[in-house]
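Novice: The structure follows.
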Amino acid sequence: MNKDKSLSERLQAKAVEFGFAAAGIARADAAPRTAERLRQWLGEGLHGDMIWMEARAHHRESPAALWPEVKSVIALGMSYAPAHDPLRLADEGEKGRISVYAQGADYHDVVKKALKALARWLVAEAEGADVKVFVDTAPVMEKPLAEAAGLGWQGKHTNLVSREHGSWLFLGAIYTTLDLATDMPGRDRCGSCDACQRACPTDAFPSPYRLDARRCISYLTIEHAGPIPHEFRERMGNRIYGCDDCLAVCPWNKFAATAHANRAFAPRAELAAPDLSDLLALDDAGFRAVFSGSPIKRIGRDRMVRNCLIAAGNSAAAGLVETVVRLLDDPAPVVRGAAVWALGRLDVGRWAKERGARLASEADEMVRSEWATKSPSPSGEGLGWGSPAA
Ligand code: B12
Ligand code: SF4
Ligand code: SF4
């Protein structure tokens, strides 16, 4: 069949007009190993409690399983390349670190709007075309499809890396019934590099190209609802929403010009380097006011305050003690539990005093178990942890 090459070319030029930094086209069946790898990942339980990954796994496995009429996939990338080093706040314990991707506008909204505009253009150009647009939340494997469409390759950190935009692309996809001219797939250019594997603070890669989400700080701070497992608390440092470490160390980022970044993702002043003390003071209404229009709003106030309490426990900031003590009375058990841990790290004497006053009246089993676990101070001079308190 003689495919309309000029339509593919015009489509890619139009994508740039709508704010995308990268666009490519693949046949809908161009990523055949994806289904098996997804099944293996889910089978090993590496998705933790993201049960929504299992729920429509059969649709996720391939574009045709979701939509049998699909012929081509248009993969799109929108750049959020940061102007500053994403790791620059690592040693500023009283600040919370929000992942670069979440410091500006919600990418779901920005990318979806641009995808819809591009899809409308395509339908107007090619009579009879049918289209569906996806970003993030649909049962679509965006990374292998983007690789198949030539946007880059899935690096050892499992995200898509682009020669031009490094690790800083949001992905989206348009499925269409059109049989479009395709691009060459991306080629793996990781070589012998293992910078991302070494950078991970929680050893979340069982092997290159595979992520154990249950160990990933992005999962723990965003997707995981209960208490943060003890094993990861210290290693979270001051990361309170997502994590950039494996992305930030990738050598291909040096080609990522911030000029291509969509301005909607520029950091909002209050999210670039927030004070933990401000975030710990948020109630539900305050949380909604600060995080409206941001992807962070999805996790809700309790999970955010839980994350900030872990960061407070790692901060060695005596000035946070009174705020932490106030949160021992929070209505949400997950907040009270994290406050117990934070206090034990910040002030062992105060922790012992508060424990005496509160343990007897604490009804929640999980919070009781936090009081029963001794907490170390950041200097290592605490009571030692892991064994029941005397
Ligand atoms: C679930 C999910 C998560 C989970 C799990 C991440 C993961 N790696 O699967 C958690 C919550 C941890 C997460 C974290 C992040 N996420 Co996320 N996430 C998703 C989501 C919704 C699905 C991903 C998925 O299908 N995972 C299932 C696994 C099995 O698929 P996979 O990662 O592609 O696995 C492949 C490899 O393991 C490979 N493989 C397996 N074995 C082998 C062996 C060899 C030799 C080789 C070569 C390959 C190979 O094959 C698998 C299939 O392709 C996508 C959106 C979407 N709908 O696609 C966003 C998405 C992947 N996330 C995104 C982002 C930005 C992030 C974070 C950077 C956010 C942050 N800063 O905190 C981190 C990065 C953490 C990391 N290192 O991956 C972007 C990535 C953009 C890009 N350039 O790639 C996406 C595409 C969202 C978007 N629309 O832009 N995420
Ligand atoms: S996002 Fe952070 S915790 Fe997750 S794999 Fe990358 S470096 Fe590790
Ligand atoms: S840091 Fe190195 S190994 Fe990891 S994705 Fe980038 S090039 Fe590949």
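Each chain in the structure tokens gets a letter, A, B and so on, in the order shown; residues start at 1 in every chain, and ligands are counted from 1 in the order they appear.
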Check the DSSP output for the backbone and give back, as a list of chain:residue names, the residues of region 239-277 of chain A in helix (DSSP H, G or I).
Specialist: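 Of region 239-277 of chain A, the ones in helix (DSSP H, G or I) are A:Asp245, A:Cys246, A:Leu247, A:Ala248, A:Pro251, A:Trp252, A:Asn253, A:Lys254, A:Phe255, A:Thr258, A:Ala259, A:His260, A:Arg263, A:Ala264, A:Phe265, A:Ala269, A:Glu270, A:Leu271, A:Ala272, A:Leu276, A:Ser277.
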Novice: Could you turn the residues from that selection into a file that holds C-alpha atoms, as a tab-separated table (two decimals), in the first residue's frame?
Specialist:
```tsv
chain	number	residue	atom	x	y	z
A	245	ASP	CA	17.76	10.93	40.88
A	246	CYS	CA	18.02	8.23	38.19
A	247	LEU	CA	16.85	10.68	35.53
A	248	ALA	CA	19.04	13.57	36.64
A	251	PRO	CA	24.57	11.84	30.59
A	252	TRP	CA	22.17	12.35	27.68
A	253	ASN	CA	20.55	15.23	29.58
A	254	LYS	CA	23.38	17.50	28.52
A	255	PHE	CA	21.70	17.70	25.12
A	258	THR	CA	15.58	24.13	28.16
A	259	ALA	CA	14.52	26.22	25.15
A	260	HIS	CA	12.42	23.20	24.04
A	263	ARG	CA	6.64	26.91	29.54
A	264	ALA	CA	3.62	25.48	31.35
A	265	PHE	CA	6.03	23.24	33.26
A	269	ALA	CA	7.63	29.72	43.01
A	270	GLU	CA	6.00	27.98	45.99
A	271	LEU	CA	6.79	24.48	44.68
A	272	ALA	CA	10.41	24.92	43.63
A	276	LEU	CA	8.71	21.70	55.28
A	277	SER	CA	7.27	23.83	58.09
```
Novice: List every residue of region 71-320 of chain A that DSSP, applied to the backbone, labels as strand (DSSP E or B), and write the result as a PyMOL selection string.
Specialist: chain A and resi 72-79+95+97-98+131-134+153-154+160-162+166+169-176+207+210+239-241+275
Novice: Show me which residues line ligand 2, defined as having an atom within 9 Å of a ligand atom where only C-alpha atoms and all ligand atoms count, and present them as a tab-separated table (two decimals) with C-alpha atoms, in the first residue's frame.
Specialist:
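Result went into out.tsv, see below:
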```tsv
chain	number	residue	atom	x	y	z
A	157	HIS	CA	16.25	3.40	34.34
A	158	THR	CA	13.25	2.17	32.23
A	196	CYS	CA	21.21	5.65	36.91
A	197	GLN	CA	21.60	2.22	38.47
A	198	ARG	CA	24.20	3.51	40.92
A	199	ALA	CA	22.30	6.71	41.70
A	200	CYS	CA	19.15	5.04	43.03
A	201	PRO	CA	19.01	5.57	46.81
A	202	THR	CA	16.72	2.59	47.41
A	203	ASP	CA	18.23	-0.02	45.06
A	204	ALA	CA	15.01	-0.18	43.09
A	205	PHE	CA	16.52	-1.83	40.00
A	211	LEU	CA	12.16	-1.50	38.11
A	212	ASP	CA	10.79	-2.85	41.36
A	213	ALA	CA	8.21	-0.13	41.92
A	215	ARG	CA	11.25	0.18	46.28
A	216	CYS	CA	10.97	3.34	44.17
A	217	ILE	CA	10.56	6.65	46.04
A	218	SER	CA	8.26	7.87	43.30
A	219	TYR	CA	5.90	4.98	44.06
A	220	LEU	CA	6.31	5.28	47.83
A	236	MET	CA	13.93	9.13	51.21
A	242	GLY	CA	8.46	11.75	43.31
A	243	CYS	CA	12.16	11.35	42.71
A	244	ASP	CA	14.49	12.58	39.97
A	245	ASP	CA	17.76	10.93	40.88
A	246	CYS	CA	18.02	8.23	38.19
A	247	LEU	CA	16.85	10.68	35.53
A	248	ALA	CA	19.04	13.57	36.64
```
Novice: Could you pull the residues within 6 Å of region 72-80 of chain A, counting only C-alpha atoms, minus those fewer than 5 positions along the same chain, as a list in words?
Specialist: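 Here the answer would be Phe20, Ala21, Ala22, Ala23, Gly24, Ile25, Ala26, Arg27, Ala28, Ala146, Trp168, Leu169, Phe170, Leu171, Gly172, Ala173, Ile174, Tyr175, Thr176, Asp179, Ala261, Asn262 and Phe265 of chain A.
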Novice: Report, in Å with one decimal, the straight-line distance from CA of Arg306 (chain A) to atom 56 (C, counted along the ligand's line) of ligand 1.
Specialist: 26.0 Å
Novice: Just want the residues within 6 Å of ligand 3, written as a list in words, counting only C-alpha atoms and all ligand atoms.
Specialist: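 Protein and nucleic-acid residues within 6 Å of ligand 3: Gly155, Lys156, His157, Cys190, Cys193, Asp194, Ala195, Cys196, Val249, Cys250 and Pro251 of chain A.
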Novice: Would you pick out the contacts of Pro331 (chain A) at 12 Å or less, using only C-alpha atoms, so that residues sharing its chain but fewer than 4 positions from it are not included, and give the list as a PDB file with N, CA and C atoms, in the first residue's frame?
Specialist:
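File written: out-v3.pdb
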```pdb
ATOM      1  N   ASP A 283      -3.873  22.110  56.214  1.00  0.00           N
ATOM      2  CA  ASP A 283      -5.068  21.274  56.406  1.00  0.00           C
ATOM      3  C   ASP A 283      -5.624  20.976  55.013  1.00  0.00           C
ATOM      4  N   ASP A 284      -6.774  20.292  54.943  1.00  0.00           N
ATOM      5  CA  ASP A 284      -7.303  19.889  53.633  1.00  0.00           C
ATOM      6  C   ASP A 284      -7.517  21.081  52.697  1.00  0.00           C
ATOM      7  N   ARG A 301      -4.037  15.632  51.063  1.00  0.00           N
ATOM      8  CA  ARG A 301      -3.263  16.252  52.151  1.00  0.00           C
ATOM      9  C   ARG A 301      -2.573  15.222  53.053  1.00  0.00           C
ATOM     10  N   ASP A 302      -3.252  14.149  53.410  1.00  0.00           N
ATOM     11  CA  ASP A 302      -2.677  13.235  54.412  1.00  0.00           C
ATOM     12  C   ASP A 302      -1.385  12.597  53.901  1.00  0.00           C
ATOM     13  N   ARG A 326       2.472  18.535  67.322  1.00  0.00           N
ATOM     14  CA  ARG A 326       1.058  18.840  67.034  1.00  0.00           C
ATOM     15  C   ARG A 326       0.435  17.766  66.163  1.00  0.00           C
ATOM     16  N   LEU A 327       1.233  17.215  65.241  1.00  0.00           N
ATOM     17  CA  LEU A 327       0.678  16.216  64.310  1.00  0.00           C
ATOM     18  C   LEU A 327       0.507  14.835  64.960  1.00  0.00           C
ATOM     19  N   VAL A 335      -0.762   9.917  59.316  1.00  0.00           N
ATOM     20  CA  VAL A 335      -0.028  11.131  59.713  1.00  0.00           C
ATOM     21  C   VAL A 335       0.508  10.958  61.135  1.00  0.00           C
ATOM     22  N   ARG A 336      -0.341  10.478  62.048  1.00  0.00           N
ATOM     23  CA  ARG A 336       0.123  10.279  63.439  1.00  0.00           C
ATOM     24  C   ARG A 336       1.323   9.331  63.466  1.00  0.00           C
ATOM     25  N   GLY A 337       1.216   8.248  62.696  1.00  0.00           N
ATOM     26  CA  GLY A 337       2.297   7.250  62.693  1.00  0.00           C
ATOM     27  C   GLY A 337       3.615   7.848  62.211  1.00  0.00           C
ATOM     28  N   ALA A 339       4.393  10.968  62.326  1.00  0.00           N
ATOM     29  CA  ALA A 339       4.824  11.974  63.317  1.00  0.00           C
ATOM     30  C   ALA A 339       5.593  11.290  64.454  1.00  0.00           C
ATOM     31  N   GLU A 362      -3.965   5.520  72.453  1.00  0.00           N
ATOM     32  CA  GLU A 362      -3.931   5.353  70.990  1.00  0.00           C
ATOM     33  C   GLU A 362      -4.658   4.065  70.610  1.00  0.00           C
ATOM     34  N   ALA A 363      -5.714   4.219  69.770  1.00  0.00           N
ATOM     35  CA  ALA A 363      -6.527   3.054  69.424  1.00  0.00           C
ATOM     36  C   ALA A 363      -6.052   2.370  68.142  1.00  0.00           C
ATOM     37  N   ASP A 364      -5.369   3.109  67.294  1.00  0.00           N
ATOM     38  CA  ASP A 364      -5.006   2.550  65.985  1.00  0.00           C
ATOM     39  C   ASP A 364      -3.784   1.622  66.114  1.00  0.00           C
ATOM     40  N   VAL A 367      -0.471   2.841  64.475  1.00  0.00           N
ATOM     41  CA  VAL A 367       0.200   3.920  65.209  1.00  0.00           C
ATOM     42  C   VAL A 367       0.818   3.359  66.489  1.00  0.00           C
TER      43      VAL A 367
END
```
Novice: Between A:Ile98, A:Leu178, A:Ala316, A:Ala311, which has the minimum distance to ligand 1 (counting only C-alpha atoms and all ligand atoms)?
Specialist: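 Among the listed residues, the smallest separation from ligand 1 belongs to A:Ile98.
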Novice: I need the residue nearest Ala181 (chain A) from this list: A:His165, A:Lys3, A:Arg235, A:Arg355. Use only C-alpha atoms for the distance.
Specialist: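 Distance minimum relative to Ala181 (chain A) lands on A:Lys3.
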Novice: Calculate how many Å separate CA of Asp85 (chain A) from atom 75 (C, counted along the ligand's line) of ligand 1, rounding to one decimal.
Specialist: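 Atom-to-atom, CA of Asp85 (chain A) and atom 75 (C, counted along the ligand's line) of ligand 1 are spaced 17.6 Å apart.
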Novice: Just the residues within 10 Å of region 136-141 of chain A, please, counting only C-alpha atoms, with nothing from its chain fewer than 6 positions along; format it as number ranges by chain.
Specialist: A: 31, 34-35, 38, 52-63, 66, 107-108, 111-112, 170-173
Novice: Pick out the residues sitting within 9 Å of Asn314 (chain A), and hand them over as a ChimeraX atom specification; count only C-alpha atoms, and ignore anything fewer than 3 positions along from it in its own chain.
Specialist: /A:93,233-238,309-311,317,342,345-346,377-378
Novice: What's the separation between CA of Val100 (chain A) and CA of Ser315 (chain A), in Å to one decimal place?
Specialist: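 So the answer is 20.9 Å.
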Novice: Kindly indicate which residue among A:Val348, A:Gly319, A:Trp121, A:Arg303 lies nearest to Arg10 (chain A), using only C-alpha atoms for the distances.
Specialist: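 Going through A:Val348, A:Gly319, A:Trp121, A:Arg303 one by one, the smallest distance to Arg10 (chain A) is for A:Trp121.
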